[in-house]
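Dumped model26.tsv below, it's TSV, C-alpha atoms:
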```tsv
chain	number	residue	atom	x	y	z
A	38	MET	CA	206.76	203.56	333.78
A	39	ARG	CA	210.47	202.76	334.12
A	40	LEU	CA	210.01	199.86	331.73
A	41	ILE	CA	208.34	202.12	329.16
A	42	LYS	CA	211.15	204.67	329.47
A	43	TYR	CA	213.70	201.89	329.06
A	44	LEU	CA	211.96	200.58	325.94
A	45	PHE	CA	211.82	204.04	324.38
A	46	ALA	CA	215.46	204.63	325.24
A	47	THR	CA	216.44	201.29	323.71
A	48	LEU	CA	214.40	201.99	320.59
A	49	GLY	CA	215.96	205.43	320.27
A	50	PHE	CA	219.44	203.97	320.57
A	51	SER	CA	218.65	201.37	317.88
A	52	LEU	CA	217.39	204.02	315.49
A	53	VAL	CA	220.43	206.22	316.09
A	54	ALA	CA	222.71	203.23	315.59
A	55	GLY	CA	220.92	202.37	312.36
A	56	MET	CA	221.25	205.93	311.06
A	57	ALA	CA	224.90	206.07	312.06
A	58	GLN	CA	225.53	202.83	310.24
A	59	ALA	CA	223.91	204.18	307.07
A	60	ALA	CA	225.87	207.43	307.30
A	61	ASN	CA	229.24	205.70	307.80
A	62	PRO	CA	229.17	202.42	305.88
A	63	VAL	CA	231.83	199.91	306.88
A	64	ALA	CA	233.53	197.49	304.49
A	65	GLY	CA	232.76	193.91	305.42
A	66	VAL	CA	229.65	195.03	307.30
A	67	ASP	CA	227.50	197.26	305.09
A	68	TYR	CA	229.15	196.28	301.83
A	69	GLN	CA	231.67	193.83	300.47
A	70	ILE	CA	234.74	194.48	298.33
A	71	LEU	CA	235.34	192.03	295.51
A	72	ASP	CA	238.78	190.47	295.43
A	73	GLN	CA	239.23	191.75	291.89
A	74	ALA	CA	237.38	194.51	290.07
A	75	ARG	CA	235.06	193.34	287.29
A	76	PRO	CA	234.92	195.10	283.90
A	77	THR	CA	232.20	197.73	283.56
A	78	GLU	CA	230.35	199.12	280.55
A	79	ALA	CA	229.58	202.66	281.73
A	80	GLY	CA	232.63	204.53	280.49
A	81	ALA	CA	233.51	207.43	282.78
A	82	LYS	CA	230.29	207.06	284.76
A	83	VAL	CA	229.73	204.80	287.75
A	84	GLU	CA	228.04	201.55	286.79
A	85	VAL	CA	225.36	200.22	289.14
A	86	LEU	CA	224.08	196.70	288.54
A	87	GLU	CA	220.79	195.66	290.12
A	88	PHE	CA	220.53	191.87	290.24
A	89	PHE	CA	216.87	190.88	290.63
A	90	TRP	CA	214.28	188.15	290.14
A	91	TYR	CA	210.68	188.97	289.24
A	92	ASN	CA	209.24	186.46	291.73
A	93	CYS	CA	211.29	187.91	294.62
A	94	PRO	CA	209.03	189.92	296.97
A	95	HIS	CA	212.02	191.89	298.27
A	96	CYS	CA	212.92	192.91	294.72
A	97	PHE	CA	209.32	194.03	294.21
A	98	ALA	CA	209.49	196.19	297.34
A	99	LEU	CA	212.88	197.70	296.54
A	100	GLU	CA	212.42	198.31	292.79
A	101	PRO	CA	210.49	201.63	292.88
A	102	ARG	CA	212.94	202.99	295.43
A	103	VAL	CA	215.88	202.10	293.22
A	104	ASP	CA	214.18	204.02	290.42
A	105	GLN	CA	213.80	207.08	292.65
A	106	TRP	CA	217.38	206.76	293.86
A	107	ALA	CA	218.72	206.47	290.30
A	108	ALA	CA	216.78	209.56	289.23
A	109	LYS	CA	218.45	211.56	292.01
A	110	GLN	CA	221.88	210.36	290.86
A	111	GLY	CA	221.32	211.94	287.46
A	112	ASP	CA	224.20	211.58	285.03
A	113	ASN	CA	226.57	210.29	287.69
A	114	ILE	CA	225.60	206.66	287.16
A	115	VAL	CA	224.45	204.12	284.62
A	116	LEU	CA	221.90	201.72	286.12
A	117	ARG	CA	221.70	198.28	284.54
A	118	ARG	CA	219.18	195.68	285.69
A	119	ILE	CA	220.30	192.06	285.52
A	120	PRO	CA	217.57	189.42	285.89
A	121	ILE	CA	218.97	186.34	287.60
A	122	ALA	CA	218.20	182.66	287.02
A	123	PHE	CA	219.05	180.34	289.89
A	124	ASN	CA	217.61	177.45	287.87
A	125	LYS	CA	216.13	176.83	284.43
A	126	SER	CA	212.60	177.72	285.53
A	127	PHE	CA	213.71	181.37	285.91
A	128	VAL	CA	214.96	181.74	282.34
A	129	ALA	CA	211.59	182.72	280.84
A	130	GLN	CA	211.45	185.73	283.18
A	131	GLN	CA	215.01	186.65	282.26
A	132	LYS	CA	214.00	186.64	278.61
A	133	LEU	CA	210.90	188.69	279.48
A	134	TYR	CA	213.00	191.51	280.95
A	135	PHE	CA	215.49	191.53	278.10
A	136	THR	CA	212.59	191.52	275.63
A	137	LEU	CA	211.10	194.57	277.34
A	138	GLU	CA	214.52	196.19	277.11
A	139	ALA	CA	214.87	195.38	273.41
A	140	MET	CA	211.39	196.74	272.70
A	141	GLY	CA	211.94	199.92	274.69
A	142	ARG	CA	209.14	199.07	277.13
A	143	VAL	CA	210.97	198.71	280.45
A	144	LYS	CA	209.74	202.00	281.86
A	145	ASP	CA	206.04	201.24	281.50
A	146	LEU	CA	205.84	197.43	281.57
A	147	HIS	CA	208.59	196.40	284.01
A	148	PRO	CA	206.54	197.66	287.01
A	149	LYS	CA	203.43	195.96	285.61
A	150	VAL	CA	205.19	192.60	285.56
A	151	PHE	CA	205.98	192.97	289.27
A	152	HIS	CA	202.40	194.11	289.94
A	153	SER	CA	200.92	191.14	288.11
A	154	ILE	CA	203.01	188.67	290.11
A	155	HIS	CA	202.91	190.19	293.58
A	156	VAL	CA	199.63	192.11	293.71
A	157	GLU	CA	197.35	190.32	291.26
A	158	ARG	CA	198.92	186.95	292.17
A	159	LYS	CA	199.16	185.96	288.51
A	160	PRO	CA	202.40	184.03	288.01
A	161	LEU	CA	204.38	184.70	284.86
A	162	GLU	CA	206.71	181.72	284.75
A	163	SER	CA	206.19	180.19	281.31
A	164	GLU	CA	206.55	181.52	277.80
A	165	ALA	CA	202.83	180.98	277.23
A	166	ALA	CA	201.74	182.90	280.35
A	167	ILE	CA	204.21	185.69	279.63
A	168	THR	CA	203.04	185.97	276.01
A	169	GLU	CA	199.39	186.26	277.04
A	170	PHE	CA	200.32	188.92	279.56
A	171	MET	CA	202.15	190.92	276.91
A	172	VAL	CA	199.26	190.62	274.46
A	173	ARG	CA	196.94	192.00	277.17
A	174	GLN	CA	199.28	195.00	277.38
A	175	GLY	CA	198.68	195.70	273.70
A	176	ILE	CA	201.90	194.15	272.39
A	177	ASP	CA	201.73	192.35	269.04
A	178	ARG	CA	202.05	188.61	269.66
A	179	LYS	CA	204.36	187.85	266.73
A	180	LYS	CA	206.61	190.83	267.38
A	181	PHE	CA	206.92	189.85	271.03
A	182	LEU	CA	207.70	186.20	270.32
A	183	ASP	CA	210.20	187.07	267.61
A	184	THR	CA	212.03	189.31	270.08
A	185	PHE	CA	211.64	186.93	273.03
A	186	ASN	CA	213.31	184.12	271.07
A	187	SER	CA	215.83	186.29	269.25
A	188	PHE	CA	219.57	185.81	269.19
A	189	GLY	CA	220.02	189.17	270.94
A	190	VAL	CA	217.82	188.25	273.91
A	191	ASN	CA	219.40	184.80	274.26
A	192	THR	CA	222.85	186.40	274.18
A	193	LYS	CA	221.85	188.72	277.04
A	194	VAL	CA	220.61	185.73	279.04
A	195	GLU	CA	224.01	184.10	278.62
A	196	ARG	CA	225.71	187.33	279.66
A	197	ALA	CA	223.50	187.57	282.76
A	198	THR	CA	224.62	184.05	283.72
A	199	GLN	CA	228.24	185.12	283.37
A	200	LEU	CA	227.66	188.23	285.50
A	201	ARG	CA	225.92	186.21	288.20
A	202	ALA	CA	228.99	183.99	288.44
A	203	ALA	CA	231.46	186.89	288.26
A	204	TYR	CA	229.77	188.76	291.12
A	205	GLY	CA	228.93	185.68	293.18
A	206	VAL	CA	225.23	186.53	293.31
A	207	ASN	CA	223.53	184.06	295.64
A	208	SER	CA	220.41	186.04	296.55
A	209	THR	CA	218.27	188.91	295.30
A	210	PRO	CA	218.10	191.83	295.33
A	211	MET	CA	221.82	192.55	295.19
A	212	ILE	CA	223.58	195.70	294.03
A	213	ALA	CA	227.05	195.96	292.50
A	214	VAL	CA	228.75	199.36	292.22
A	215	ASN	CA	231.41	200.02	289.62
A	216	GLY	CA	232.56	196.43	289.35
A	217	ARG	CA	234.11	196.54	292.79
A	218	TYR	CA	231.55	196.76	295.59
A	219	ILE	CA	228.52	194.66	296.58
A	220	THR	CA	225.67	195.54	298.92
A	221	SER	CA	222.11	194.43	299.55
A	222	PRO	CA	219.34	194.53	302.18
A	223	ALA	CA	220.57	191.10	303.30
A	224	ILE	CA	224.11	192.39	303.83
A	225	VAL	CA	223.14	195.53	305.75
A	226	GLY	CA	220.48	193.54	307.58
A	227	VAL	CA	223.02	191.43	309.46
A	228	LYS	CA	223.66	194.39	311.79
A	229	MET	CA	220.04	195.60	311.70
A	230	ARG	CA	218.20	192.53	312.91
A	231	GLY	CA	214.58	193.12	313.78
A	232	GLN	CA	214.23	196.35	311.84
A	233	SER	CA	211.61	196.81	309.14
A	234	GLU	CA	212.16	196.12	305.46
A	235	LYS	CA	211.81	199.84	304.82
A	236	ALA	CA	214.66	200.53	307.27
A	237	LEU	CA	216.81	197.93	305.52
A	238	HIS	CA	216.05	199.51	302.16
A	239	ASP	CA	216.81	202.99	303.51
A	240	ALA	CA	220.18	201.75	304.73
A	241	THR	CA	220.91	199.94	301.47
A	242	LEU	CA	220.20	203.05	299.41
A	243	ASP	CA	222.42	205.10	301.71
A	244	VAL	CA	225.22	202.59	301.23
A	245	MET	CA	224.70	202.71	297.47
A	246	SER	CA	225.03	206.51	297.52
A	247	TYR	CA	228.18	206.22	299.60
A	248	LEU	CA	229.69	203.68	297.20
A	249	VAL	CA	228.91	205.84	294.17
A	250	THR	CA	230.70	208.77	295.81
A	251	LYS	CA	233.58	206.49	296.79
A	252	ALA	CA	233.89	205.14	293.24
A	253	GLN	CA	233.89	208.67	291.81
A	254	ALA	CA	236.63	209.73	294.24
A	255	GLU	CA	238.73	206.70	293.36
A	256	ALA	CA	238.30	207.39	289.64
A	257	GLY	CA	239.44	210.98	290.21
A	258	LYS	CA	242.70	209.76	291.77
A	259	LYS	CA	243.66	207.66	288.75
```
Go through the file and emit its structure as C-alpha cells.
Amino acid sequence: MRLIKYLFATLGFSLVAGMAQAANPVAGVDYQILDQARPTEAGAKVEVLEFFWYNCPHCFALEPRVDQWAAKQGDNIVLRRIPIAFNKSFVAQQKLYFTLEAMGRVKDLHPKVFHSIHVERKPLESEAAITEFMVRQGIDRKKFLDTFNSFGVNTKVERATQLRAAYGVNSTPMIAVNGRYITSPAIVGVKMRGQSEKALHDATLDVMSYLVTKAQAEAGKK
C-alpha cells in the first residue's frame, strides 16, 4: 500500500512539474533563442514556421493539433509550413506540399497525404507515386505535373533549403516563432523524459502560445 501511495505521489509530482514547465517556459530549456533574429514575412503579425517532413510520424501526430492551435490564435499569427529535405530523396515531397499550396488544396489534401503515408502505409516518395495519388484525388494529371515542375515550386524548394539552414533545423517537427525563437517536442522533451507524446505536444503548444505572446509584447515595445 505504501508503495502504491508513493507511486501515485511521484506521478502527481511529475504531472504538476510538467504543467508548471508548460505554464512558465524557460529559455534554453523549453525553447531556444537564435543568436540573431531572422527576417519574417508576416508584417505586423507574428510569424510561426512549422518545419515538417511528410514521412515523420511525429509530424503526423502533431499536425492536426497545430491546425487547432493556429485557429485559436486567429489574426494574431501567420502560420507557414516549411517541408524539409534532409537529403535529395525528400525533395519530391517538398514539391508535393508546395504544389498543393500553389493549387489552393492544402486544407483538404495535406491531411490526406499524411493519412496515406502513416495510416494506409502507402509511401509517396517519388514523382510517379505522388502523381498517381493526386490523380486519385481528382486532380488533373497535366495540371498537377505542370505545377509540380514549375519555376514557382522549384523556387520555394530552394527557399525552404535556405530557411532550414538559417534556423538550424536538424529534426522535425520544429517550430520557429517570429524569426527569433525555436521550440519542438524534442526540445521540451529533454525535461519531460518518459511522458507520452501527447504530453510533449501539449507542452510544445503551450510554449508556442507563450512565445507568440512574448513576441507581441516585444513588438509593442519597439
**Report entry** All residues 9 Å or closer to Thr241 in chain A, only C-alpha atoms, same chain fewer than 3 positions away omitted, as JSON, numbers by chain
**Finding:** {"A": [59, 67, 212, 220, 221, 222, 224, 225, 226, 236, 237, 238, 244, 245, 246]}
Shell of 8 Å around range 169-186 of chain A, all atoms listed in the file, local chain residues under 3 positions omitted, as a PyMOL selection string
chain A and resi 132-133+135-136+139-140+161+165-166+190-191
Please, could you write that set of residues out with C-alpha atoms as a tab-separated table (two decimals), keeping the file's coordinate frame?
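Printed below is result24.tsv as written:
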```
chain	number	residue	atom	x	y	z
A	132	LYS	CA	214.00	186.64	278.61
A	133	LEU	CA	210.90	188.69	279.48
A	135	PHE	CA	215.49	191.53	278.10
A	136	THR	CA	212.59	191.52	275.63
A	139	ALA	CA	214.87	195.38	273.41
A	140	MET	CA	211.39	196.74	272.70
A	161	LEU	CA	204.38	184.70	284.86
A	165	ALA	CA	202.83	180.98	277.23
A	166	ALA	CA	201.74	182.90	280.35
A	190	VAL	CA	217.82	188.25	273.91
A	191	ASN	CA	219.40	184.80	274.26
```
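Neighbouring residues of range 87-93 of chain A at 9 Å or closer, counting all atoms listed in the file and skipping chain neighbours under 6 positions away, are Glu100, Val103, Leu116, Arg117, Arg118, Ile119, Pro120, Ile121, Ala122, Phe127, Gln130, Gln131, Tyr134, Val150, Phe151, Ile154, His155, Pro160, Leu161, Glu162, Arg201, Val206, Ser208, Thr209, Pro210, Met211, Ile212 and Ala213 of chain A.
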Shortest contact to Val63 in chain A, candidates A:Lys235, A:Lys159, A:Lys228, A:Lys82, atoms counted only C-alpha atoms, goes to A:Lys228
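Between CA of Gly141 in chain A and CA of Gly189 in chain A lies a distance of 14.0 Å.
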Give me the residues near Val83 in chain A as a short mmCIF file (atom, residue, chain, number, x, y, z; two decimals) with C-alpha atoms, in the frame of the given file, where near means some atom within 9 Å (using all atoms listed in the file) and where sequence neighbours in that chain fewer than 5 positions away do not count.
```
data_model
loop_
_atom_site.label_atom_id
_atom_site.label_comp_id
_atom_site.auth_asym_id
_atom_site.auth_seq_id
_atom_site.Cartn_x
_atom_site.Cartn_y
_atom_site.Cartn_z
CA THR A 77 232.20 197.73 283.56
CA ASN A 113 226.57 210.29 287.69
CA ILE A 114 225.60 206.66 287.16
CA VAL A 115 224.45 204.12 284.62
CA LEU A 116 221.90 201.72 286.12
CA VAL A 214 228.75 199.36 292.22
CA ASN A 215 231.41 200.02 289.62
CA GLY A 216 232.56 196.43 289.35
CA VAL A 249 228.91 205.84 294.17
CA ALA A 252 233.89 205.14 293.24
CA GLN A 253 233.89 208.67 291.81
#
```
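For the pair CA of Trp106 in chain A and CA of Pro76 in chain A, the interatomic distance is 23.3 Å.
Closest approach to Leu200 in chain A among A:Ala81, A:Tyr68, A:Glu255, A:Arg75: A:Arg75, based on only C-alpha atoms.
Note that the spacing between CA of Tyr204 in chain A and CA of His147 in chain A amounts to 23.6 Å.
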